[in-house]
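Visitor: Next comes the structure file target-v1.pdb, holding PDB, C-alpha atoms, pLDDT in the B column.
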```
ATOM      1  CA  MET A 485      21.635 -13.931 175.493  1.00 87.00           C
ATOM      2  CA  PRO A 486      19.672 -12.794 178.498  1.00 94.00           C
ATOM      3  CA  ARG A 487      19.997 -14.487 181.853  1.00 96.00           C
ATOM      4  CA  LEU A 488      16.660 -15.871 183.052  1.00 98.00           C
ATOM      5  CA  GLU A 489      15.264 -14.836 186.412  1.00 98.00           C
ATOM      6  CA  PHE A 490      12.122 -16.460 187.765  1.00 98.00           C
ATOM      7  CA  SER A 491       9.440 -14.924 189.962  1.00 98.00           C
ATOM      8  CA  GLU A 492       7.942 -16.858 192.859  1.00 98.00           C
ATOM      9  CA  ARG A 493       4.630 -16.648 191.037  1.00 98.00           C
ATOM     10  CA  PHE A 494       6.119 -18.430 188.013  1.00 98.00           C
ATOM     11  CA  ALA A 495       7.637 -21.134 190.224  1.00 98.00           C
ATOM     12  CA  ASP A 496       4.222 -21.727 191.814  1.00 98.00           C
ATOM     13  CA  ASP A 497       2.503 -21.716 188.416  1.00 98.00           C
ATOM     14  CA  LEU A 498       5.020 -24.199 186.995  1.00 98.00           C
ATOM     15  CA  ALA A 499       4.591 -26.495 190.000  1.00 97.00           C
ATOM     16  CA  SER A 500       0.868 -26.708 189.218  1.00 96.00           C
ATOM     17  CA  VAL A 501       1.432 -27.979 185.647  1.00 97.00           C
ATOM     18  CA  THR A 502       0.454 -31.647 185.586  1.00 95.00           C
ATOM     19  CA  SER A 503       1.179 -32.505 181.955  1.00 96.00           C
ATOM     20  CA  ARG A 504       4.729 -33.603 181.157  1.00 97.00           C
ATOM     21  CA  ARG A 505       4.144 -32.613 177.527  1.00 97.00           C
ATOM     22  CA  VAL A 506       3.127 -29.064 178.483  1.00 97.00           C
ATOM     23  CA  GLU A 507       6.030 -28.848 180.927  1.00 97.00           C
ATOM     24  CA  ALA A 508       8.445 -29.861 178.136  1.00 98.00           C
ATOM     25  CA  VAL A 509       7.005 -27.173 175.836  1.00 97.00           C
ATOM     26  CA  ILE A 510       7.425 -24.598 178.630  1.00 98.00           C
ATOM     27  CA  MET A 511      11.083 -25.610 179.018  1.00 98.00           C
ATOM     28  CA  ARG A 512      11.658 -25.221 175.264  1.00 97.00           C
ATOM     29  CA  ALA A 513      10.009 -21.787 175.390  1.00 98.00           C
ATOM     30  CA  LEU A 514      12.359 -20.795 178.219  1.00 98.00           C
ATOM     31  CA  ASP A 515      15.329 -21.969 176.135  1.00 97.00           C
ATOM     32  CA  ASN A 516      14.108 -19.776 173.265  1.00 97.00           C
ATOM     33  CA  ILE A 517      13.682 -16.772 175.551  1.00 97.00           C
ATOM     34  CA  GLU A 518      17.206 -17.317 176.862  1.00 96.00           C
ATOM     35  CA  SER A 519      18.565 -17.509 173.306  1.00 96.00           C
ATOM     36  CA  PHE A 520      16.453 -14.708 171.813  1.00 93.00           C
ATOM     37  CA  GLY A 521      15.223 -12.280 174.489  1.00 91.00           C
ATOM     38  CA  ASP A 522      12.591 -10.708 172.253  1.00 92.00           C
ATOM     39  CA  PHE A 523      11.290 -14.128 171.186  1.00 91.00           C
ATOM     40  CA  GLY A 524       7.751 -13.594 172.527  1.00 94.00           C
ATOM     41  CA  SER A 525       4.954 -11.374 171.306  1.00 96.00           C
ATOM     42  CA  PRO A 526       4.394  -7.910 172.750  1.00 95.00           C
ATOM     43  CA  ILE A 527       0.693  -8.121 171.781  1.00 94.00           C
ATOM     44  CA  MET A 528      -0.970  -8.536 175.128  1.00 91.00           C
ATOM     45  CA  PRO A 529      -4.445  -8.411 176.659  1.00 89.00           C
ATOM     46  CA  ASP A 530      -5.026  -5.292 178.755  1.00 91.00           C
ATOM     47  CA  SER A 531      -5.449  -7.375 181.924  1.00 91.00           C
ATOM     48  CA  ILE A 532      -1.905  -8.721 181.570  1.00 93.00           C
ATOM     49  CA  LYS A 533      -0.435  -5.269 180.905  1.00 93.00           C
ATOM     50  CA  LEU A 534      -2.213  -3.914 183.984  1.00 93.00           C
ATOM     51  CA  ARG A 535      -0.902  -6.732 186.160  1.00 94.00           C
ATOM     52  CA  PHE A 536       2.695  -6.989 184.909  1.00 95.00           C
ATOM     53  CA  GLY A 537       3.433  -3.697 183.120  1.00 93.00           C
ATOM     54  CA  ASP A 538       3.636  -2.407 179.559  1.00 88.00           C
ATOM     55  CA  GLY A 539       6.923  -4.066 178.637  1.00 91.00           C
ATOM     56  CA  VAL A 540       5.801  -7.672 179.029  1.00 96.00           C
ATOM     57  CA  ARG A 541       5.911 -10.273 176.285  1.00 97.00           C
ATOM     58  CA  LYS A 542       4.199 -13.633 175.950  1.00 96.00           C
ATOM     59  CA  VAL A 543       4.912 -17.033 174.504  1.00 97.00           C
ATOM     60  CA  VAL A 544       1.878 -19.209 173.872  1.00 95.00           C
ATOM     61  CA  VAL A 545       2.225 -22.609 175.516  1.00 95.00           C
ATOM     62  CA  ARG A 546      -1.275 -24.025 175.285  1.00 94.00           C
ATOM     63  CA  PRO A 547      -3.238 -23.760 177.482  1.00 95.00           C
ATOM     64  CA  TYR A 548      -1.006 -21.068 179.002  1.00 96.00           C
ATOM     65  CA  ASP A 549       0.611 -17.807 178.076  1.00 96.00           C
ATOM     66  CA  LEU A 550       4.135 -17.641 179.489  1.00 98.00           C
ATOM     67  CA  ILE A 551       4.593 -14.011 180.555  1.00 98.00           C
ATOM     68  CA  TYR A 552       8.025 -12.415 180.831  1.00 98.00           C
ATOM     69  CA  THR A 553       9.782  -9.063 180.684  1.00 97.00           C
ATOM     70  CA  HIS A 554      12.999  -8.652 178.707  1.00 96.00           C
ATOM     71  CA  TYR A 555      15.507  -6.080 179.937  1.00 96.00           C
ATOM     72  CA  PRO A 556      18.073  -6.038 177.086  1.00 95.00           C
ATOM     73  CA  ASN A 557      20.261  -3.330 178.631  1.00 95.00           C
ATOM     74  CA  GLU A 558      20.678  -5.469 181.745  1.00 96.00           C
ATOM     75  CA  GLY A 559      20.926  -8.806 179.949  1.00 96.00           C
ATOM     76  CA  VAL A 560      17.970 -10.228 181.875  1.00 97.00           C
ATOM     77  CA  ALA A 561      14.626 -11.802 181.045  1.00 97.00           C
ATOM     78  CA  HIS A 562      12.372 -11.922 184.107  1.00 97.00           C
ATOM     79  CA  VAL A 563       9.848 -14.743 183.839  1.00 98.00           C
ATOM     80  CA  GLU A 564       6.691 -13.447 185.507  1.00 98.00           C
ATOM     81  CA  ALA A 565       3.958 -16.094 185.299  1.00 98.00           C
ATOM     82  CA  LEU A 566       2.007 -18.748 183.478  1.00 97.00           C
ATOM     83  CA  VAL A 567      -1.495 -17.450 182.844  1.00 95.00           C
ATOM     84  CA  LEU A 568      -4.343 -19.544 181.491  1.00 92.00           C
ATOM     85  CA  ALA A 569      -4.799 -18.015 178.052  1.00 81.00           C
ATOM     86  CA  ARG A 570      -8.585 -18.133 178.167  1.00 74.00           C
ATOM     87  CA  SER A 571      -8.661 -16.153 181.433  1.00 69.00           C
ATOM     88  CA  ALA A 572      -6.533 -13.277 180.089  1.00 64.00           C
ATOM     89  CA  ARG A 573      -8.642 -10.569 178.521  1.00 61.00           C
TER      90      ARG A 573
END
```
Take the structure in the file and write it out as structure tokens.
Guide:
Amino acid sequence: MPRLEFSERFADDLASVTSRRVEAVIMRALDNIESFGDFGSPIMPDSIKLRFGDGVRKVVVRPYDLIYTHYPNEGVAHVEALVLARSAR
């Protein structure tokens, strides 16, 4: 079970979410990441890989992609950002 670490960017992104339903889905996704570090998909648009690095994963939380990096050897999942899925190419 990885320990979750949150970037300032993610904190800012989460603060901008106005839907309680979407916020609840994000929290469930974080629980899944914490339980299963490799929970998300490694299939990523090039723009996301360029911004956050090759090892990132995503969990779709419509209308966002929750972006994180899992470091299994360190027991950490670093939550990077919420990115509007339609803007990631």
Visitor: Check which residues satisfy the PyMOL selection byres ((chain A and resi 493-510) around 10) in the file shown, then give them as a VMD selection string.
Guide: chain A and resid 489 to 492 511 to 516 543 to 552 562 to 568
Visitor: Tell me which protein, DNA and RNA residues are within 6 Å of Ala561 of chain A, counting only C-alpha atoms, leaving out same-chain ones fewer than 4 positions away, and put them as a PyMOL selection string.
Guide: chain A and resi 486+488+553-555
Visitor: Rounded to one decimal, what separation in Å do you get between atom CA of Glu558 of chain A and atom CA of Asp538 of chain A?
Guide: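 About the pair atom CA of Glu558 of chain A and atom CA of Asp538 of chain A: they are 17.5 Å apart.
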Visitor: How many Å separate atom CA of Lys542 of chain A from atom CA of Arg570 of chain A?
Guide: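 Those two atoms sit 13.7 Å apart.
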Visitor: Using all atoms listed in the file, can you tell me which of A:Arg487, A:Gly537, A:Pro529, A:Ala569 comes closest to Ile517 of chain A?
Guide: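 Using all atoms listed in the file, the shortest distance to Ile517 of chain A belongs to A:Arg487.
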Visitor: Go ahead and compute the interatomic distance for atom CA of Arg541 of chain A and atom CA of Pro526 of chain A, in Å to one decimal.
Guide: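 Computed distance, atom CA of Arg541 of chain A to atom CA of Pro526 of chain A, equals 4.5 Å.
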